[in-house]
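input.cif (mmCIF, N, CA and C atoms) appears below.
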data_target
loop_
_atom_site.group_PDB
_atom_site.id
_atom_site.type_symbol
_atom_site.label_atom_id
_atom_site.label_comp_id
_atom_site.auth_asym_id
_atom_site.auth_seq_id
_atom_site.Cartn_x
_atom_site.Cartn_y
_atom_site.Cartn_z
ATOM 1 N N MET C 1 92.550 107.416 105.293
ATOM 2 C CA MET C 1 93.533 106.391 105.497
ATOM 3 C C MET C 1 93.739 105.634 104.196
ATOM 4 N N THR C 2 94.960 105.446 103.827
ATOM 5 C CA THR C 2 95.282 104.650 102.652
ATOM 6 C C THR C 2 96.109 103.447 103.090
ATOM 7 N N LEU C 3 95.925 102.371 102.392
ATOM 8 C CA LEU C 3 96.643 101.142 102.702
ATOM 9 C C LEU C 3 97.481 100.731 101.509
ATOM 10 N N SER C 4 98.623 100.137 101.776
ATOM 11 C CA SER C 4 99.460 99.622 100.695
ATOM 12 C C SER C 4 98.839 98.333 100.163
ATOM 13 N N GLU C 5 99.315 97.880 99.038
ATOM 14 C CA GLU C 5 98.784 96.649 98.452
ATOM 15 C C GLU C 5 99.057 95.443 99.348
ATOM 16 N N SER C 6 100.201 95.419 100.024
ATOM 17 C CA SER C 6 100.488 94.292 100.913
ATOM 18 C C SER C 6 99.554 94.300 102.126
ATOM 19 N N GLN C 7 99.185 95.482 102.608
ATOM 20 C CA GLN C 7 98.239 95.569 103.717
ATOM 21 C C GLN C 7 96.841 95.122 103.269
ATOM 22 N N LYS C 8 96.446 95.521 102.065
ATOM 23 C CA LYS C 8 95.156 95.070 101.533
ATOM 24 C C LYS C 8 95.144 93.556 101.336
ATOM 25 N N LYS C 9 96.256 93.025 100.884
ATOM 26 C CA LYS C 9 96.362 91.580 100.705
ATOM 27 C C LYS C 9 96.209 90.869 102.045
ATOM 28 N N TYR C 10 96.805 91.414 103.083
ATOM 29 C CA TYR C 10 96.674 90.849 104.426
ATOM 30 C C TYR C 10 95.207 90.867 104.871
ATOM 31 N N LEU C 11 94.522 91.985 104.647
ATOM 32 C CA LEU C 11 93.108 92.088 105.026
ATOM 33 C C LEU C 11 92.233 91.147 104.204
ATOM 34 N N ARG C 12 92.552 90.973 102.933
ATOM 35 C CA ARG C 12 91.799 90.014 102.112
ATOM 36 C C ARG C 12 91.941 88.601 102.675
ATOM 37 N N GLY C 13 93.133 88.286 103.150
ATOM 38 C CA GLY C 13 93.357 86.978 103.769
ATOM 39 C C GLY C 13 92.519 86.801 105.023
ATOM 40 N N LEU C 14 92.442 87.838 105.842
ATOM 41 C CA LEU C 14 91.611 87.773 107.049
ATOM 42 C C LEU C 14 90.133 87.680 106.692
ATOM 43 N N GLY C 15 89.744 88.393 105.661
ATOM 44 C CA GLY C 15 88.334 88.449 105.274
ATOM 45 C C GLY C 15 87.833 87.204 104.572
ATOM 46 N N HIS C 16 88.751 86.373 104.120
ATOM 47 C CA HIS C 16 88.352 85.176 103.370
ATOM 48 C C HIS C 16 87.395 84.293 104.169
ATOM 49 N N ALA C 17 87.625 84.136 105.444
ATOM 50 C CA ALA C 17 86.808 83.242 106.267
ATOM 51 C C ALA C 17 85.542 83.909 106.817
ATOM 52 N N LEU C 18 85.398 85.208 106.611
ATOM 53 C CA LEU C 18 84.248 85.928 107.162
ATOM 54 C C LEU C 18 82.988 85.664 106.351
ATOM 55 N N LYS C 19 81.864 85.728 107.018
ATOM 56 C CA LYS C 19 80.565 85.664 106.361
ATOM 57 C C LYS C 19 79.973 87.073 106.346
ATOM 58 N N PRO C 20 79.140 87.400 105.360
ATOM 59 C CA PRO C 20 78.528 88.731 105.327
ATOM 60 C C PRO C 20 77.694 88.997 106.576
ATOM 61 N N LEU C 21 77.924 90.158 107.184
ATOM 62 C CA LEU C 21 77.204 90.540 108.394
ATOM 63 C C LEU C 21 76.020 91.450 108.104
ATOM 64 N N ILE C 22 76.087 92.180 107.006
ATOM 65 C CA ILE C 22 75.018 93.088 106.595
ATOM 66 C C ILE C 22 74.597 92.697 105.184
ATOM 67 N N MET C 23 73.293 92.663 104.954
ATOM 68 C CA MET C 23 72.784 92.358 103.624
ATOM 69 C C MET C 23 71.853 93.473 103.173
ATOM 70 N N VAL C 24 72.152 94.033 102.018
ATOM 71 C CA VAL C 24 71.351 95.105 101.439
ATOM 72 C C VAL C 24 70.502 94.480 100.333
ATOM 73 N N GLY C 25 69.196 94.676 100.415
ATOM 74 C CA GLY C 25 68.282 94.099 99.430
ATOM 75 C C GLY C 25 67.775 95.135 98.445
ATOM 76 N N ASP C 26 66.688 94.808 97.792
ATOM 77 C CA ASP C 26 66.112 95.667 96.755
ATOM 78 C C ASP C 26 65.649 97.022 97.283
ATOM 79 N N ARG C 27 65.365 97.100 98.562
ATOM 80 C CA ARG C 27 64.913 98.381 99.130
ATOM 81 C C ARG C 27 66.050 99.378 99.298
ATOM 82 N N GLY C 28 67.277 98.927 99.175
ATOM 83 C CA GLY C 28 68.413 99.837 99.262
ATOM 84 C C GLY C 28 68.815 100.134 100.692
ATOM 85 N N LEU C 29 69.354 101.334 100.888
ATOM 86 C CA LEU C 29 69.891 101.735 102.191
ATOM 87 C C LEU C 29 68.861 102.520 102.991
ATOM 88 N N SER C 30 68.331 101.906 104.004
ATOM 89 C CA SER C 30 67.415 102.602 104.909
ATOM 90 C C SER C 30 68.221 103.183 106.064
ATOM 91 N N ASP C 31 67.603 104.047 106.838
ATOM 92 C CA ASP C 31 68.280 104.641 107.991
ATOM 93 C C ASP C 31 68.662 103.585 109.018
ATOM 94 N N SER C 32 67.786 102.631 109.241
ATOM 95 C CA SER C 32 68.084 101.589 110.221
ATOM 96 C C SER C 32 69.231 100.696 109.744
ATOM 97 N N LEU C 33 69.296 100.440 108.442
ATOM 98 C CA LEU C 33 70.389 99.639 107.901
ATOM 99 C C LEU C 33 71.715 100.377 108.044
ATOM 100 N N ARG C 34 71.709 101.682 107.786
ATOM 101 C CA ARG C 34 72.934 102.477 107.955
ATOM 102 C C ARG C 34 73.402 102.482 109.409
ATOM 103 N N THR C 35 72.458 102.602 110.330
ATOM 104 C CA THR C 35 72.794 102.582 111.754
ATOM 105 C C THR C 35 73.399 101.250 112.145
ATOM 106 N N GLU C 36 72.796 100.175 111.695
ATOM 107 C CA GLU C 36 73.317 98.832 111.984
ATOM 108 C C GLU C 36 74.697 98.636 111.352
ATOM 109 N N PHE C 37 74.878 99.140 110.132
ATOM 110 C CA PHE C 37 76.163 99.051 109.441
ATOM 111 C C PHE C 37 77.248 99.760 110.247
ATOM 112 N N GLU C 38 76.974 100.985 110.691
ATOM 113 C CA GLU C 38 77.944 101.751 111.483
ATOM 114 C C GLU C 38 78.316 101.015 112.762
ATOM 115 N N SER C 39 77.312 100.499 113.455
ATOM 116 C CA SER C 39 77.537 99.788 114.712
ATOM 117 C C SER C 39 78.379 98.531 114.486
ATOM 118 N N THR C 40 78.046 97.782 113.466
ATOM 119 C CA THR C 40 78.770 96.548 113.170
ATOM 120 C C THR C 40 80.199 96.837 112.745
ATOM 121 N N LEU C 41 80.395 97.874 111.956
ATOM 122 C CA LEU C 41 81.740 98.238 111.514
ATOM 123 C C LEU C 41 82.586 98.721 112.682
ATOM 124 N N ASP C 42 81.990 99.461 113.616
ATOM 125 C CA ASP C 42 82.721 99.878 114.812
ATOM 126 C C ASP C 42 83.181 98.669 115.617
ATOM 127 N N HIS C 43 82.334 97.682 115.707
ATOM 128 C CA HIS C 43 82.646 96.518 116.528
ATOM 129 C C HIS C 43 83.664 95.585 115.866
ATOM 130 N N HIS C 44 83.536 95.359 114.556
ATOM 131 C CA HIS C 44 84.364 94.358 113.877
ATOM 132 C C HIS C 44 85.554 94.933 113.111
ATOM 133 N N GLU C 45 85.502 96.157 112.666
ATOM 134 C CA GLU C 45 86.511 96.829 111.837
ATOM 135 C C GLU C 45 86.595 96.256 110.419
ATOM 136 N N LEU C 46 86.606 94.958 110.262
ATOM 137 C CA LEU C 46 86.678 94.314 108.953
ATOM 138 C C LEU C 46 85.424 93.462 108.795
ATOM 139 N N MET C 47 84.663 93.726 107.747
ATOM 140 C CA MET C 47 83.410 92.989 107.580
ATOM 141 C C MET C 47 83.022 92.872 106.118
ATOM 142 N N LYS C 48 82.206 91.872 105.854
ATOM 143 C CA LYS C 48 81.656 91.687 104.520
ATOM 144 C C LYS C 48 80.223 92.194 104.496
ATOM 145 N N VAL C 49 79.874 92.796 103.357
ATOM 146 C CA VAL C 49 78.519 93.287 103.120
ATOM 147 C C VAL C 49 78.035 92.654 101.819
ATOM 148 N N LYS C 50 76.861 92.073 101.861
ATOM 149 C CA LYS C 50 76.269 91.479 100.659
ATOM 150 C C LYS C 50 75.233 92.449 100.114
ATOM 151 N N VAL C 51 75.380 92.814 98.852
ATOM 152 C CA VAL C 51 74.480 93.778 98.218
ATOM 153 C C VAL C 51 73.736 93.073 97.087
ATOM 154 N N ARG C 52 72.449 92.833 97.307
ATOM 155 C CA ARG C 52 71.625 92.135 96.329
ATOM 156 C C ARG C 52 70.627 93.117 95.715
ATOM 157 N N VAL C 53 71.084 93.869 94.740
ATOM 158 C CA VAL C 53 70.210 94.810 94.035
ATOM 159 C C VAL C 53 70.238 94.484 92.553
ATOM 160 N N GLY C 54 69.442 95.225 91.800
ATOM 161 C CA GLY C 54 69.219 94.947 90.392
ATOM 162 C C GLY C 54 70.438 94.768 89.513
ATOM 163 N N ASP C 55 71.242 95.784 89.351
ATOM 164 C CA ASP C 55 72.334 95.696 88.392
ATOM 165 C C ASP C 55 73.662 96.123 89.018
ATOM 166 N N ARG C 56 74.710 95.994 88.240
ATOM 167 C CA ARG C 56 76.066 96.276 88.711
ATOM 168 C C ARG C 56 76.244 97.743 89.110
ATOM 169 N N GLN C 57 75.688 98.662 88.341
ATOM 170 C CA GLN C 57 75.845 100.086 88.664
ATOM 171 C C GLN C 57 75.173 100.432 89.982
ATOM 172 N N ALA C 58 73.999 99.894 90.226
ATOM 173 C CA ALA C 58 73.298 100.145 91.491
ATOM 174 C C ALA C 58 74.080 99.556 92.658
ATOM 175 N N ARG C 59 74.599 98.360 92.462
ATOM 176 C CA ARG C 59 75.396 97.703 93.509
ATOM 177 C C ARG C 59 76.640 98.519 93.840
ATOM 178 N N ASP C 60 77.354 98.948 92.812
ATOM 179 C CA ASP C 60 78.560 99.737 93.031
ATOM 180 C C ASP C 60 78.246 101.076 93.684
ATOM 181 N N ALA C 61 77.109 101.681 93.344
ATOM 182 C CA ALA C 61 76.705 102.950 93.949
ATOM 183 C C ALA C 61 76.409 102.777 95.437
ATOM 184 N N ILE C 62 75.766 101.684 95.797
ATOM 185 C CA ILE C 62 75.460 101.431 97.210
ATOM 186 C C ILE C 62 76.742 101.190 97.997
ATOM 187 N N ILE C 63 77.656 100.418 97.442
ATOM 188 C CA ILE C 63 78.930 100.161 98.122
ATOM 189 C C ILE C 63 79.710 101.462 98.283
ATOM 190 N N GLU C 64 79.726 102.281 97.253
ATOM 191 C CA GLU C 64 80.424 103.571 97.320
ATOM 192 C C GLU C 64 79.800 104.483 98.368
ATOM 193 N N GLU C 65 78.475 104.490 98.440
ATOM 194 C CA GLU C 65 77.789 105.321 99.434
ATOM 195 C C GLU C 65 78.093 104.842 100.850
ATOM 196 N N LEU C 66 78.085 103.540 101.064
ATOM 197 C CA LEU C 66 78.431 102.999 102.377
ATOM 198 C C LEU C 66 79.847 103.406 102.782
ATOM 199 N N CYS C 67 80.773 103.280 101.857
ATOM 200 C CA CYS C 67 82.173 103.617 102.141
ATOM 201 C C CYS C 67 82.345 105.108 102.430
ATOM 202 N N SER C 68 81.754 105.948 101.620
ATOM 203 C CA SER C 68 81.954 107.387 101.782
ATOM 204 C C SER C 68 81.299 107.923 103.057
ATOM 205 N N LYS C 69 80.098 107.468 103.349
ATOM 206 C CA LYS C 69 79.410 107.976 104.546
ATOM 207 C C LYS C 69 80.015 107.443 105.832
ATOM 208 N N ALA C 70 80.575 106.235 105.790
ATOM 209 C CA ALA C 70 81.128 105.628 107.003
ATOM 210 C C ALA C 70 82.634 105.862 107.130
ATOM 211 N N GLY C 71 83.262 106.360 106.080
ATOM 212 C CA GLY C 71 84.712 106.527 106.117
ATOM 213 C C GLY C 71 85.438 105.194 106.053
ATOM 214 N N ALA C 72 84.838 104.227 105.386
ATOM 215 C CA ALA C 72 85.426 102.891 105.277
ATOM 216 C C ALA C 72 86.168 102.752 103.951
ATOM 217 N N LEU C 73 87.058 101.788 103.907
ATOM 218 C CA LEU C 73 87.802 101.489 102.692
ATOM 219 C C LEU C 73 87.280 100.197 102.077
ATOM 220 N N LEU C 74 87.103 100.225 100.773
ATOM 221 C CA LEU C 74 86.732 99.011 100.055
ATOM 222 C C LEU C 74 88.018 98.226 99.818
ATOM 223 N N ILE C 75 88.122 97.071 100.413
ATOM 224 C CA ILE C 75 89.308 96.237 100.263
ATOM 225 C C ILE C 75 89.168 95.342 99.046
ATOM 226 N N GLN C 76 87.974 94.777 98.865
ATOM 227 C CA GLN C 76 87.751 93.860 97.759
ATOM 228 C C GLN C 76 86.264 93.749 97.487
ATOM 229 N N ARG C 77 85.919 93.560 96.210
ATOM 230 C CA ARG C 77 84.542 93.274 95.845
ATOM 231 C C ARG C 77 84.549 92.108 94.879
ATOM 232 N N ILE C 78 83.840 91.071 95.253
ATOM 233 C CA ILE C 78 83.681 89.918 94.379
ATOM 234 C C ILE C 78 82.184 89.675 94.241
ATOM 235 N N GLY C 79 81.682 89.895 93.050
ATOM 236 C CA GLY C 79 80.252 89.708 92.805
ATOM 237 C C GLY C 79 79.421 90.634 93.663
ATOM 238 N N ASN C 80 78.553 90.070 94.466
ATOM 239 C CA ASN C 80 77.652 90.853 95.321
ATOM 240 C C ASN C 80 78.218 91.130 96.704
ATOM 241 N N VAL C 81 79.438 90.688 96.981
ATOM 242 C CA VAL C 81 80.004 90.790 98.323
ATOM 243 C C VAL C 81 81.185 91.752 98.325
ATOM 244 N N ALA C 82 81.135 92.708 99.257
ATOM 245 C CA ALA C 82 82.220 93.683 99.411
ATOM 246 C C ALA C 82 82.866 93.489 100.777
ATOM 247 N N LEU C 83 84.183 93.568 100.806
ATOM 248 C CA LEU C 83 84.937 93.507 102.055
ATOM 249 C C LEU C 83 85.350 94.933 102.402
ATOM 250 N N LEU C 84 84.887 95.417 103.556
ATOM 251 C CA LEU C 84 85.122 96.800 103.970
ATOM 252 C C LEU C 84 85.931 96.839 105.255
ATOM 253 N N TYR C 85 86.741 97.892 105.390
ATOM 254 C CA TYR C 85 87.571 98.064 106.587
ATOM 255 C C TYR C 85 87.510 99.509 107.052
ATOM 256 N N ARG C 86 87.372 99.681 108.352
ATOM 257 C CA ARG C 86 87.513 100.986 108.982
ATOM 258 C C ARG C 86 88.103 100.763 110.371
ATOM 259 N N GLU C 87 89.219 101.420 110.623
ATOM 260 C CA GLU C 87 89.894 101.278 111.906
ATOM 261 C C GLU C 87 89.088 101.929 113.016
ATOM 262 N N ASN C 88 89.012 101.263 114.151
ATOM 263 C CA ASN C 88 88.381 101.814 115.344
ATOM 264 C C ASN C 88 89.503 102.128 116.322
ATOM 265 N N PRO C 89 89.875 103.409 116.468
ATOM 266 C CA PRO C 89 91.026 103.752 117.315
ATOM 267 C C PRO C 89 90.822 103.426 118.790
ATOM 268 N N GLU C 90 89.588 103.357 119.240
ATOM 269 C CA GLU C 90 89.317 103.084 120.650
ATOM 270 C C GLU C 90 89.429 101.602 120.994
ATOM 271 N N GLN C 91 89.110 100.755 120.045
ATOM 272 C CA GLN C 91 89.098 99.322 120.315
ATOM 273 C C GLN C 91 89.593 98.577 119.070
ATOM 274 N N LYS C 92 90.899 98.486 118.924
ATOM 275 C CA LYS C 92 91.469 97.836 117.739
ATOM 276 C C LYS C 92 91.300 96.330 117.825
ATOM 277 N N LYS C 93 90.719 95.773 116.788
ATOM 278 C CA LYS C 93 90.564 94.320 116.695
ATOM 279 C C LYS C 93 91.519 93.745 115.651
ATOM 280 N N VAL C 94 91.765 94.508 114.585
ATOM 281 C CA VAL C 94 92.583 94.027 113.475
ATOM 282 C C VAL C 94 93.927 94.753 113.533
ATOM 283 N N ARG C 95 94.982 93.986 113.616
ATOM 284 C CA ARG C 95 96.337 94.532 113.596
ATOM 285 C C ARG C 95 96.906 94.395 112.188
ATOM 286 N N ILE C 96 97.127 95.527 111.546
ATOM 287 C CA ILE C 96 97.638 95.526 110.176
ATOM 288 C C ILE C 96 99.149 95.705 110.234
ATOM 289 N N PRO C 97 99.921 94.840 109.577
ATOM 290 C CA PRO C 97 101.373 94.996 109.561
ATOM 291 C C PRO C 97 101.773 96.248 108.775
ATOM 292 N N ASN C 98 102.871 96.836 109.156
ATOM 293 C CA ASN C 98 103.387 98.019 108.449
ATOM 294 C C ASN C 98 103.992 97.567 107.124
ATOM 295 N N SER C 99 103.397 98.032 106.043
ATOM 296 C CA SER C 99 103.823 97.699 104.680
ATOM 297 C C SER C 99 104.302 96.323 104.605
#
As structure tokens:
Amino acid sequence: MTLSESQKKYLRGLGHALKPLIMVGDRGLSDSLRTEFESTLDHHELMKVKVRVGDRQARDAIIEELCSKAGALLIQRIGNVALLYRENPEQKKVRIPNS
């Protein structure tokens, strides 16, 4: 799924008030964390993830791995916080305007 810039802007606006629901620490991505991430993303569709690891490359690698394995889109990353989106076709919570 690809989103236009106006759709991403809309999601950034929705995500502004959100607090991080998942926090990744120095231990990285464990199986239980991945399971919780999948469950939370299914329920919320749009969520923030806080990644507190050593350096920028490690942080970006973890965010990329989360996105690729879950089929989520990175909407925005500011510092240690990433805003991720994945549509849940069975239970839509976020209505994205067409372009």
Skipping near chain neighbours, those fewer than 3 positions away, what residues fall within 9 Å of Gly28 of chain C using only C-alpha atoms, listed as number ranges by chain?
C: 24-25, 33, 51-53, 62
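Here atom CA of Leu73 of chain C stands at a distance of 21.8 Å from atom CA of Asp55 of chain C.
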Tell me, in Å to one decimal, how far atom CA of Asn80 of chain C is from atom CA of Ala17 of chain C.
16.2 Å
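Of the listed residues C:Ala70, C:Leu21, C:Ile63, C:Leu29, the one whose atoms come nearest to Arg86 of chain C is C:Ala70, with distances taken using only C-alpha atoms.
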Exercise: Gly54 of chain C partners within 7 Å, only N, CA and C atoms, chain neighbours under 4 positions left out, as a ChimeraX atom specification:
/C:25-26,58-59
Run DSSP on the backbone and grab whatever in chain C lands in alpha helix (DSSP H); send it over as a ChimeraX atom specification.
/C:5-15,31-44,56-70
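Straight-line separation from atom N of Lys48 of chain C to atom N of Asn98 of chain C: 21.5 Å.
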Which one of C:Pro89, C:Lys69, C:Ala82, C:Ile75 sits closest to Leu11 of chain C if you count only N, CA and C atoms?
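Among the listed residues, the smallest separation from Leu11 of chain C belongs to C:Ile75.
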Polymer residues at most 10 Å from Gly71 of chain C, only C-alpha atoms, same-chain spacing of 4 or more positions, as a PDB file with N, CA and C atoms, in the frame of the given file:
ATOM      1  N   MET C   1      92.550 107.416 105.293  1.00  0.00           N
ATOM      2  CA  MET C   1      93.533 106.391 105.497  1.00  0.00           C
ATOM      3  C   MET C   1      93.739 105.634 104.196  1.00  0.00           C
ATOM      4  N   GLU C  38      76.974 100.985 110.691  1.00  0.00           N
ATOM      5  CA  GLU C  38      77.944 101.751 111.483  1.00  0.00           C
ATOM      6  C   GLU C  38      78.316 101.015 112.762  1.00  0.00           C
ATOM      7  N   GLU C  65      78.475 104.490  98.440  1.00  0.00           N
ATOM      8  CA  GLU C  65      77.789 105.321  99.434  1.00  0.00           C
ATOM      9  C   GLU C  65      78.093 104.842 100.850  1.00  0.00           C
ATOM     10  N   LEU C  66      78.085 103.540 101.064  1.00  0.00           N
ATOM     11  CA  LEU C  66      78.431 102.999 102.377  1.00  0.00           C
ATOM     12  C   LEU C  66      79.847 103.406 102.782  1.00  0.00           C
ATOM     13  N   CYS C  67      80.773 103.280 101.857  1.00  0.00           N
ATOM     14  CA  CYS C  67      82.173 103.617 102.141  1.00  0.00           C
ATOM     15  C   CYS C  67      82.345 105.108 102.430  1.00  0.00           C
ATOM     16  N   LEU C  84      84.887  95.417 103.556  1.00  0.00           N
ATOM     17  CA  LEU C  84      85.122  96.800 103.970  1.00  0.00           C
ATOM     18  C   LEU C  84      85.931  96.839 105.255  1.00  0.00           C
ATOM     19  N   TYR C  85      86.741  97.892 105.390  1.00  0.00           N
ATOM     20  CA  TYR C  85      87.571  98.064 106.587  1.00  0.00           C
ATOM     21  C   TYR C  85      87.510  99.509 107.052  1.00  0.00           C
ATOM     22  N   ARG C  86      87.372  99.681 108.352  1.00  0.00           N
ATOM     23  CA  ARG C  86      87.513 100.986 108.982  1.00  0.00           C
ATOM     24  C   ARG C  86      88.103 100.763 110.371  1.00  0.00           C
ATOM     25  N   GLU C  87      89.219 101.420 110.623  1.00  0.00           N
ATOM     26  CA  GLU C  87      89.894 101.278 111.906  1.00  0.00           C
ATOM     27  C   GLU C  87      89.088 101.929 113.016  1.00  0.00           C
TER      28      GLU C  87
END
Determine which residues of chain C receive a DSSP assignment of strand (DSSP E), computed from the backbone, and state them as a PyMOL selection string.
chain C and resi 20-24+46-51+73-78+81-85
Restricted to N, CA and C atoms, what would the selected residues look like written as a tab-separated table (two decimals), in the frame of the given file?
chain	number	residue	atom	x	y	z
C	20	PRO	N	79.14	87.40	105.36
C	20	PRO	CA	78.53	88.73	105.33
C	20	PRO	C	77.69	89.00	106.58
C	21	LEU	N	77.92	90.16	107.18
C	21	LEU	CA	77.20	90.54	108.39
C	21	LEU	C	76.02	91.45	108.10
C	22	ILE	N	76.09	92.18	107.01
C	22	ILE	CA	75.02	93.09	106.60
C	22	ILE	C	74.60	92.70	105.18
C	23	MET	N	73.29	92.66	104.95
C	23	MET	CA	72.78	92.36	103.62
C	23	MET	C	71.85	93.47	103.17
C	24	VAL	N	72.15	94.03	102.02
C	24	VAL	CA	71.35	95.10	101.44
C	24	VAL	C	70.50	94.48	100.33
C	46	LEU	N	86.61	94.96	110.26
C	46	LEU	CA	86.68	94.31	108.95
C	46	LEU	C	85.42	93.46	108.80
C	47	MET	N	84.66	93.73	107.75
C	47	MET	CA	83.41	92.99	107.58
C	47	MET	C	83.02	92.87	106.12
C	48	LYS	N	82.21	91.87	105.85
C	48	LYS	CA	81.66	91.69	104.52
C	48	LYS	C	80.22	92.19	104.50
C	49	VAL	N	79.87	92.80	103.36
C	49	VAL	CA	78.52	93.29	103.12
C	49	VAL	C	78.04	92.65	101.82
C	50	LYS	N	76.86	92.07	101.86
C	50	LYS	CA	76.27	91.48	100.66
C	50	LYS	C	75.23	92.45	100.11
C	51	VAL	N	75.38	92.81	98.85
C	51	VAL	CA	74.48	93.78	98.22
C	51	VAL	C	73.74	93.07	97.09
C	73	LEU	N	87.06	101.79	103.91
C	73	LEU	CA	87.80	101.49	102.69
C	73	LEU	C	87.28	100.20	102.08
C	74	LEU	N	87.10	100.22	100.77
C	74	LEU	CA	86.73	99.01	100.06
C	74	LEU	C	88.02	98.23	99.82
C	75	ILE	N	88.12	97.07	100.41
C	75	ILE	CA	89.31	96.24	100.26
C	75	ILE	C	89.17	95.34	99.05
C	76	GLN	N	87.97	94.78	98.86
C	76	GLN	CA	87.75	93.86	97.76
C	76	GLN	C	86.26	93.75	97.49
C	77	ARG	N	85.92	93.56	96.21
C	77	ARG	CA	84.54	93.27	95.84
C	77	ARG	C	84.55	92.11	94.88
C	78	ILE	N	83.84	91.07	95.25
C	78	ILE	CA	83.68	89.92	94.38
C	78	ILE	C	82.18	89.68	94.24
C	81	VAL	N	79.44	90.69	96.98
C	81	VAL	CA	80.00	90.79	98.32
C	81	VAL	C	81.18	91.75	98.32
C	82	ALA	N	81.14	92.71	99.26
C	82	ALA	CA	82.22	93.68	99.41
C	82	ALA	C	82.87	93.49	100.78
C	83	LEU	N	84.18	93.57	100.81
C	83	LEU	CA	84.94	93.51	102.06
C	83	LEU	C	85.35	94.93	102.40
C	84	LEU	N	84.89	95.42	103.56
C	84	LEU	CA	85.12	96.80	103.97
C	84	LEU	C	85.93	96.84	105.26
C	85	TYR	N	86.74	97.89	105.39
C	85	TYR	CA	87.57	98.06	106.59
C	85	TYR	C	87.51	99.51	107.05
Emit segment 41-56 of chain C of the structure in the block as a file comprising C-alpha atoms, as a PDB file, in the first residue's frame.
ATOM      1  CA  LEU C  41      -1.125  -2.512  15.302  1.00  0.00           C
ATOM      2  CA  ASP C  42      -4.123  -4.683  14.393  1.00  0.00           C
ATOM      3  CA  HIS C  43      -6.192  -2.973  17.045  1.00  0.00           C
ATOM      4  CA  HIS C  44      -5.126   0.663  16.504  1.00  0.00           C
ATOM      5  CA  GLU C  45      -3.924   0.800  12.841  1.00  0.00           C
ATOM      6  CA  LEU C  46      -1.989   4.020  13.589  1.00  0.00           C
ATOM      7  CA  MET C  47       0.491   3.961  16.446  1.00  0.00           C
ATOM      8  CA  LYS C  48       3.712   5.388  17.760  1.00  0.00           C
ATOM      9  CA  VAL C  49       6.700   3.230  18.640  1.00  0.00           C
ATOM     10  CA  LYS C  50       9.546   4.521  20.791  1.00  0.00           C
ATOM     11  CA  VAL C  51      12.924   2.979  19.980  1.00  0.00           C
ATOM     12  CA  ARG C  52      15.594   3.591  22.609  1.00  0.00           C
ATOM     13  CA  VAL C  53      18.737   1.892  21.324  1.00  0.00           C
ATOM     14  CA  GLY C  54      22.368   2.888  21.013  1.00  0.00           C
ATOM     15  CA  ASP C  55      22.757   4.777  17.766  1.00  0.00           C
ATOM     16  CA  ARG C  56      20.825   6.086  14.780  1.00  0.00           C
TER      17      ARG C  56
END
